[in-house]
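Shown next: run.tsv, containing TSV, C-alpha atoms.
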```
chain	number	residue	atom	x	y	z
N	109	MET	CA	-17.31	97.13	64.87
N	110	ASP	CA	-18.36	94.43	67.27
N	111	ARG	CA	-14.74	93.39	67.46
N	112	ASP	CA	-13.58	96.69	68.91
N	113	PRO	CA	-12.32	95.49	72.29
N	114	ASP	CA	-10.28	92.69	70.72
N	115	ALA	CA	-8.93	94.94	68.01
N	116	ALA	CA	-7.85	97.43	70.68
N	117	ASN	CA	-5.69	94.84	72.43
N	118	VAL	CA	-4.23	93.65	69.15
N	119	PHE	CA	-3.21	97.13	68.02
N	120	GLU	CA	-1.62	97.79	71.38
N	121	ALA	CA	0.30	94.50	71.13
N	122	LEU	CA	1.44	95.31	67.60
N	123	ALA	CA	2.58	98.83	68.47
N	124	ASP	CA	5.91	97.59	69.86
N	125	PRO	CA	8.70	96.49	67.47
N	126	THR	CA	10.06	93.85	69.88
N	127	ARG	CA	6.61	92.29	70.22
N	128	ARG	CA	6.31	92.24	66.45
N	129	GLU	CA	9.71	90.53	66.33
N	130	VAL	CA	8.65	87.92	68.93
N	131	MET	CA	5.49	87.30	66.92
N	132	ARG	CA	7.39	86.97	63.65
N	133	ARG	CA	9.85	84.53	65.25
N	134	LEU	CA	6.98	82.36	66.56
N	135	ALA	CA	5.13	82.55	63.24
N	136	GLU	CA	8.16	81.58	61.17
N	137	GLY	CA	10.13	79.34	63.52
N	138	GLY	CA	7.27	77.59	65.33
N	139	PRO	CA	6.60	77.27	69.08
N	140	ALA	CA	9.34	78.30	71.52
N	141	THR	CA	9.93	78.92	75.23
N	142	ALA	CA	10.64	82.35	76.66
N	143	THR	CA	14.25	81.29	77.28
N	144	GLU	CA	14.71	80.20	73.66
N	145	LEU	CA	13.24	83.48	72.42
N	146	ALA	CA	15.52	85.50	74.69
N	147	GLY	CA	18.47	83.58	73.26
N	148	GLU	CA	17.52	84.48	69.71
N	149	LEU	CA	16.42	88.08	70.18
N	150	PRO	CA	18.34	91.01	71.64
N	151	VAL	CA	16.18	91.19	74.80
N	152	THR	CA	16.30	89.71	78.29
N	153	ARG	CA	14.19	86.71	79.27
N	154	GLN	CA	12.28	88.95	81.65
N	155	ALA	CA	11.41	91.36	78.84
N	156	VAL	CA	10.39	88.49	76.57
N	157	ALA	CA	8.08	87.18	79.31
N	158	LYS	CA	6.41	90.59	79.57
N	159	HIS	CA	5.91	90.82	75.82
N	160	LEU	CA	4.53	87.27	75.72
N	161	ALA	CA	2.03	88.16	78.45
N	162	MET	CA	0.79	91.08	76.41
N	163	LEU	CA	0.61	89.03	73.22
N	164	SER	CA	-1.35	86.38	75.14
N	165	GLU	CA	-3.79	89.01	76.39
N	166	ALA	CA	-4.38	90.04	72.78
N	167	GLY	CA	-4.86	86.39	71.80
N	168	LEU	CA	-1.86	86.51	69.47
N	169	VAL	CA	0.01	83.71	71.26
N	170	THR	CA	-1.13	80.69	73.23
N	171	SER	CA	0.93	78.85	75.81
N	172	ASP	CA	1.24	75.14	76.30
N	173	ARG	CA	2.79	73.83	79.50
N	174	GLN	CA	4.66	70.54	79.21
N	175	GLY	CA	6.34	69.52	82.45
N	176	ARG	CA	8.57	72.39	83.54
N	177	GLU	CA	8.49	73.98	80.11
N	178	THR	CA	6.00	76.47	78.71
N	179	ARG	CA	6.01	76.74	74.94
N	180	PHE	CA	4.40	79.67	73.15
N	181	SER	CA	2.78	79.49	69.71
N	182	PHE	CA	1.57	82.18	67.35
N	183	THR	CA	-2.21	82.38	66.78
N	184	PRO	CA	-2.99	84.58	63.77
N	185	ARG	CA	-6.77	84.88	64.21
N	186	PRO	CA	-6.83	88.23	66.12
N	187	LEU	CA	-4.60	89.69	63.45
N	188	ALA	CA	-7.27	88.92	60.86
N	189	ASP	CA	-9.87	90.53	63.15
N	190	ALA	CA	-7.75	93.66	63.46
N	191	VAL	CA	-7.26	93.85	59.70
N	192	SER	CA	-10.98	93.44	59.14
N	193	TRP	CA	-11.69	96.17	61.73
N	194	MET	CA	-9.47	98.47	59.69
N	195	ALA	CA	-11.16	97.47	56.44
N	196	ASP	CA	-14.59	98.20	58.01
N	197	VAL	CA	-13.46	101.62	59.23
N	198	GLY	CA	-11.94	102.39	55.83
N	199	ARG	CA	-15.14	101.43	54.03
N	200	GLN	CA	-17.20	103.57	56.42
N	201	TRP	CA	-15.02	106.58	55.70
N	202	ASP	CA	-15.13	106.01	51.93
N	203	ASP	CA	-18.90	105.98	52.26
N	204	ARG	CA	-19.14	109.03	54.55
N	205	LEU	CA	-16.71	111.11	52.50
N	206	GLN	CA	-18.66	110.36	49.34
N	207	ALA	CA	-21.81	111.53	51.12
N	208	LEU	CA	-20.04	114.68	52.33
N	209	SER	CA	-18.78	115.47	48.82
N	210	GLN	CA	-22.26	115.00	47.40
N	211	TYR	CA	-23.78	117.19	50.11
N	212	LEU	CA	-21.28	119.97	49.46
N	213	GLU	CA	-22.02	119.80	45.75
N	214	THR	CA	-25.82	119.62	45.89
N	215	GLY	CA	-26.75	120.85	49.39
N	216	GLU	CA	-29.20	118.01	49.66
N	217	PRO	CA	-29.39	116.01	52.88
N	218	ARG	CA	-28.78	112.30	52.87
N	219	PRO	CA	-31.77	110.15	53.79
N	220	LYS	CA	-31.70	108.98	57.41
N	221	ARG	CA	-30.25	105.51	57.66
N	222	ARG	CA	-31.48	103.17	60.34
N	223	ARG	CA	-30.51	99.63	61.03
N	224	ALA	CA	-33.23	97.11	61.63
N	225	GLY	CA	-33.38	96.69	65.39
N	226	PHE	CA	-32.05	99.67	67.28
N	227	ASP	CA	-28.86	98.99	69.21
N	228	THR	CA	-27.69	101.67	71.59
N	229	ASP	CA	-24.04	100.73	71.46
N	230	ARG	CA	-21.77	98.82	69.17
I	147	MET	CA	-4.20	107.14	52.21
I	148	GLY	CA	-4.57	103.62	53.50
I	149	ALA	CA	-4.25	101.69	56.70
I	150	ASN	CA	-1.44	100.82	59.07
I	151	VAL	CA	-2.03	97.70	61.13
I	152	ALA	CA	1.02	98.25	63.32
I	153	ASN	CA	-0.46	101.41	64.82
I	154	GLY	CA	-4.16	100.86	64.17
I	155	THR	CA	-4.59	103.89	61.94
I	156	VAL	CA	-6.86	104.38	58.94
I	157	ARG	CA	-6.37	107.47	56.78
I	158	ARG	CA	-8.27	108.92	53.85
I	159	SER	CA	-7.63	112.09	51.84
I	160	VAL	CA	-10.24	113.53	49.48
I	161	LEU	CA	-10.58	116.60	47.34
I	162	LEU	CA	-13.93	118.22	48.15
I	163	PRO	CA	-15.79	120.56	45.75
I	164	ALA	CA	-16.20	123.38	48.27
I	165	PRO	CA	-14.08	126.09	49.94
I	166	VAL	CA	-12.54	125.50	53.39
I	167	GLN	CA	-15.23	127.59	55.11
I	168	ALA	CA	-18.03	125.42	53.73
I	169	VAL	CA	-16.25	122.17	54.62
I	170	TRP	CA	-15.56	123.44	58.13
I	171	SER	CA	-19.26	124.27	58.63
I	172	ALA	CA	-20.23	120.82	57.36
I	173	LEU	CA	-17.95	119.28	60.00
I	174	THR	CA	-18.84	121.46	62.97
I	175	ASP	CA	-22.50	122.43	62.55
I	176	ALA	CA	-24.93	119.93	64.06
I	177	GLY	CA	-27.57	120.46	61.38
I	178	GLN	CA	-25.12	120.02	58.51
I	179	LEU	CA	-23.41	117.03	60.11
I	180	SER	CA	-26.80	115.37	60.56
I	181	ALA	CA	-27.68	116.18	56.94
I	182	TRP	CA	-24.69	114.64	55.19
I	183	LEU	CA	-24.17	111.74	57.60
I	184	GLY	CA	-27.82	110.78	57.39
I	185	GLY	CA	-27.96	110.56	61.18
I	186	ASP	CA	-28.49	112.71	64.25
I	187	VAL	CA	-25.60	114.75	65.58
I	188	ALA	CA	-25.24	117.08	68.56
I	189	ILE	CA	-21.96	118.98	68.84
I	190	ASP	CA	-20.53	121.74	71.00
I	191	PRO	CA	-17.60	122.85	68.79
I	192	VAL	CA	-15.29	124.16	71.51
I	193	PRO	CA	-12.26	122.58	73.20
I	194	GLY	CA	-13.61	119.94	75.62
I	195	GLY	CA	-17.04	120.17	74.01
I	196	GLN	CA	-19.17	117.09	73.62
I	197	ILE	CA	-20.31	115.37	70.48
I	198	VAL	CA	-23.01	112.73	70.21
I	199	VAL	CA	-23.49	110.91	66.93
I	200	GLN	CA	-26.32	108.58	66.14
I	201	GLU	CA	-25.61	106.94	62.85
I	202	GLU	CA	-27.22	103.82	61.44
I	203	GLY	CA	-28.72	103.02	64.83
I	204	ARG	CA	-25.37	103.27	66.59
I	205	LEU	CA	-24.73	105.82	69.31
I	206	ARG	CA	-21.27	107.28	69.88
I	207	ARG	CA	-20.23	109.93	72.36
I	208	GLY	CA	-17.02	111.87	72.18
I	209	VAL	CA	-15.11	114.88	73.39
I	210	ILE	CA	-13.43	117.50	71.21
I	211	VAL	CA	-9.77	117.35	72.17
I	212	ASP	CA	-8.52	119.87	69.63
I	213	ILE	CA	-10.21	122.48	67.48
I	214	GLU	CA	-8.53	125.07	65.28
I	215	PRO	CA	-11.17	126.79	63.13
I	216	LEU	CA	-10.96	126.15	59.38
I	217	ARG	CA	-7.98	123.85	59.89
I	218	HIS	CA	-8.14	121.01	62.43
I	219	LEU	CA	-10.69	119.06	64.46
I	220	GLU	CA	-9.93	116.11	66.69
I	221	ILE	CA	-12.46	114.00	68.56
I	222	ARG	CA	-11.84	111.27	71.14
I	223	TRP	CA	-14.66	108.78	71.37
I	224	LEU	CA	-15.56	107.58	74.83
I	225	PRO	CA	-15.21	103.84	75.32
I	226	ASN	CA	-18.42	101.92	74.79
I	227	SER	CA	-20.54	101.51	77.83
I	228	ARG	CA	-22.92	98.63	78.19
I	229	LYS	CA	-24.83	100.71	80.72
I	230	MET	CA	-27.42	103.11	79.43
I	231	GLY	CA	-26.34	106.05	81.57
I	232	PHE	CA	-23.09	107.79	80.77
I	233	LEU	CA	-21.16	109.87	83.27
I	234	TRP	CA	-19.82	113.15	82.09
I	235	GLY	CA	-17.96	114.82	84.96
I	236	PRO	CA	-14.18	115.21	84.57
I	237	ASP	CA	-13.59	112.57	87.28
I	238	ASP	CA	-16.00	110.21	85.61
I	239	GLU	CA	-14.20	110.04	82.30
I	240	PRO	CA	-13.29	106.42	81.80
I	241	ALA	CA	-9.73	105.31	81.21
I	242	GLY	CA	-8.69	104.31	77.73
I	243	SER	CA	-10.29	105.61	74.57
I	244	GLY	CA	-12.97	104.45	72.21
I	245	GLY	CA	-10.75	105.60	69.37
I	246	GLU	CA	-10.01	108.97	67.86
I	247	VAL	CA	-10.83	110.74	64.66
I	248	GLU	CA	-8.99	113.72	63.27
I	249	PHE	CA	-9.90	116.05	60.39
I	250	LEU	CA	-7.35	118.23	58.62
I	251	LEU	CA	-8.51	120.84	56.09
I	252	GLU	CA	-6.20	122.33	53.49
I	253	PRO	CA	-7.05	124.79	50.74
I	254	VAL	CA	-5.97	123.65	47.28
I	255	PRO	CA	-4.25	126.55	45.47
I	256	GLU	CA	-4.32	124.90	42.05
I	257	SER	CA	-8.09	124.27	42.11
I	258	ALA	CA	-9.78	127.32	43.56
I	259	GLY	CA	-12.84	126.67	45.71
I	260	CYS	CA	-11.74	123.13	46.53
I	261	THR	CA	-10.55	121.71	49.85
I	262	CYS	CA	-8.35	118.75	50.61
I	263	LEU	CA	-9.74	116.90	53.64
I	264	THR	CA	-7.67	114.26	55.42
I	265	VAL	CA	-9.43	112.01	57.93
I	266	THR	CA	-7.42	109.86	60.32
I	267	GLU	CA	-9.11	107.34	62.56
I	268	ARG	CA	-7.15	105.63	65.33
I	269	ALA	CA	-8.20	102.35	66.88
I	270	PRO	CA	-9.65	102.20	70.38
I	271	VAL	CA	-7.29	101.73	73.30
I	272	PRO	CA	-8.02	99.03	75.88
I	273	SER	CA	-9.70	100.50	78.95
I	274	GLY	CA	-7.55	100.63	82.03
I	275	ARG	CA	-4.61	102.09	80.16
I	276	PRO	CA	-4.01	105.74	79.41
I	277	ALA	CA	-4.82	106.64	75.81
I	278	ALA	CA	-1.42	108.24	75.27
I	279	LEU	CA	0.38	104.92	75.73
I	280	ALA	CA	-1.19	103.16	72.84
I	281	VAL	CA	-1.28	105.79	70.13
I	282	ALA	CA	2.44	106.45	70.44
```
Can you turn what I pasted into structure tokens?
Amino acid sequence: MDRDPDAANVFEALADPTRREVMRRLAEGGPATATELAGELPVTRQAVAKHLAMLSEAGLVTSDRQGRETRFSFTPRPLADAVSWMADVGRQWDDRLQALSQYLETGEPRPKRRRAGFDTDR
Amino acid sequence: MGANVANGTVRRSVLLPAPVQAVWSALTDAGQLSAWLGGDVAIDPVPGGQIVVQEEGRLRRGVIVDIEPLRHLEIRWLPNSRKMGFLWGPDDEPAGSGGEVEFLLEPVPESAGCTCLTVTERAPVPSGRPAALAVA
């Protein structure tokens, strides 16, 4: 859960279908400029620029300025982090729900679980 | 059941060997929550009530955003704070969300005394943006 803040940005970036389309285009077709992307997708250049800014903030694209041109590339790493955040949360719920089921069946409390080294926040 | 990366949602449904009333108590009574989670829980099970969960050495604070007895419970976690003190007044509530968790209880007619519980957890929303924007 240490990746929370990153995961939050990634999920927000992924929530929009146009941003997912921009990402897919960059992943499949390689680096492109905002103008090229606007030419290939049914959105204005201005809208593409906004989406690229958000994807950059989430670390899903990087920009490379060459002369007067800025080319954007897809960087998949945060996607893997987001997926692993979801896998962690899923595992935690599998674990908790098993404990709940057991408690409802037997009425016996679960032993207190403590991590070595108390951390106040994630 | 499963996970949806596009909207940051994890969902689990389980069939629990207890009637709705017992499951509801296990989810809303501090003593019972502490017992089955193996942690320490404080909860004020009313709309806007606070919940504090200490589980495996991790402390989470949340607010109950919806509660319909025997049926539905929804909690919004407050974003993590690196500071020790946490502000609680209505004006102090930080922007964004530390994520949300929702419990839905349904009786199961074909197996008497059992309850179907569906848990949905939504990913945190970046601070500085209203929570509603990102969970859409």
Original post:
Contacts of Leu160 in chain N at 9 Å or less, counting only C-alpha atoms, minus same-chain residues fewer than 2 places along, as an MDAnalysis selection string?
Top reply: chainID N and resid 127 130:131 142 155:158 162:165 168:169 180
Original post:
Can you tell me, as a list in words, what residues are no more than 6 Å from Cys260 in chain I when counting only C-alpha atoms, ignoring any on the same chain fewer than 3 positions away?
Top reply: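 Counting only the stated atoms, we get Leu162, Pro163, Ala164, Pro165, Val254 and Ser257 of chain I.
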Subject >> Atom pair CA of Val151 in chain I / CA of Ala146 in chain N: separation (Å) >> reply: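 If I compute the distance from CA of Val151 in chain I to CA of Ala146 in chain N, I get 25.3 Å.
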Original post:
Hey, what's within 10 Å of Glu267 in chain I if we count all atoms listed in the file and toss same-chain stuff fewer than 4 positions away? As a list of chain:residue names, please?
Top reply: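 The residues that qualify are N:Met194, N:Val197, N:Gly198, N:Trp201, I:Ala149, I:Gly154, I:Thr155, I:Val156, I:Arg157, I:Arg158, I:Glu220, I:Ile221, I:Arg222, I:Gly245, I:Glu246, I:Val247, I:Glu248, I:Phe249.
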Between chain I and chain N, at 6 Å or less, what are the per-residue closest atom pairs and their distances in Å? Count only C-alpha atoms, order by chain and rising residue number, and return it as CSV.
```
residue,atom,partner,partner_atom,distance
I:Ala152,CA,N:Leu122,CA,5.2
I:Asn153,CA,N:Ala123,CA,5.4
I:Gly154,CA,N:Phe119,CA,5.4
I:Leu162,CA,N:Ser209,CA,5.6
I:Ala181,CA,N:Pro217,CA,4.4
I:Trp182,CA,N:Arg218,CA,5.3
I:Gly184,CA,N:Lys220,CA,4.3
I:Gly185,CA,N:Lys220,CA,5.5
I:Glu202,CA,N:Arg222,CA,4.4
I:Gly203,CA,N:Arg222,CA,5.3
I:Arg204,CA,N:Asp229,CA,5.7
I:Leu205,CA,N:Asp229,CA,5.6
I:Pro270,CA,N:Ala116,CA,5.1
I:Val271,CA,N:Ala116,CA,5.1
I:Pro272,CA,N:Ala116,CA,5.4
I:Ala280,CA,N:Glu120,CA,5.6
```
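With all atoms listed in the file as the atoms that count, the minimum distance from His159 in chain N to the choices N:Thr126, N:Ser192, N:Arg133, N:Thr143 is reached by N:Thr126.
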**OP:** Using only C-alpha atoms, determine which residues lie at most 8 Å from Leu216 in chain I, disregarding the query and same-chain residues fewer than 5 positions distant; provide the list as JSON, numbers by chain.
**Re:** {"I": [166, 167, 170, 251]}
Store the residues of this selection in a file with C-alpha atoms, as a compact mmCIF listing (two decimals), in the frame of the given file.
```txt
# COMPACT_ATOMS: atom_id res chain seq x y z
CA VAL I 166 -12.54 125.50 53.39
CA GLN I 167 -15.23 127.59 55.11
CA TRP I 170 -15.56 123.44 58.13
CA LEU I 251 -8.51 120.84 56.09
```
**OP:** One decimal, Å: what's the distance from CA of Thr264 in chain I over to CA of Leu250 in chain I, could you say?
**Re:**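 Rounded to one decimal, the two atoms are 5.1 Å apart.
Taking CA of Ser159 in chain I and CA of Val199 in chain I as endpoints, the distance between them is 21.9 Å.
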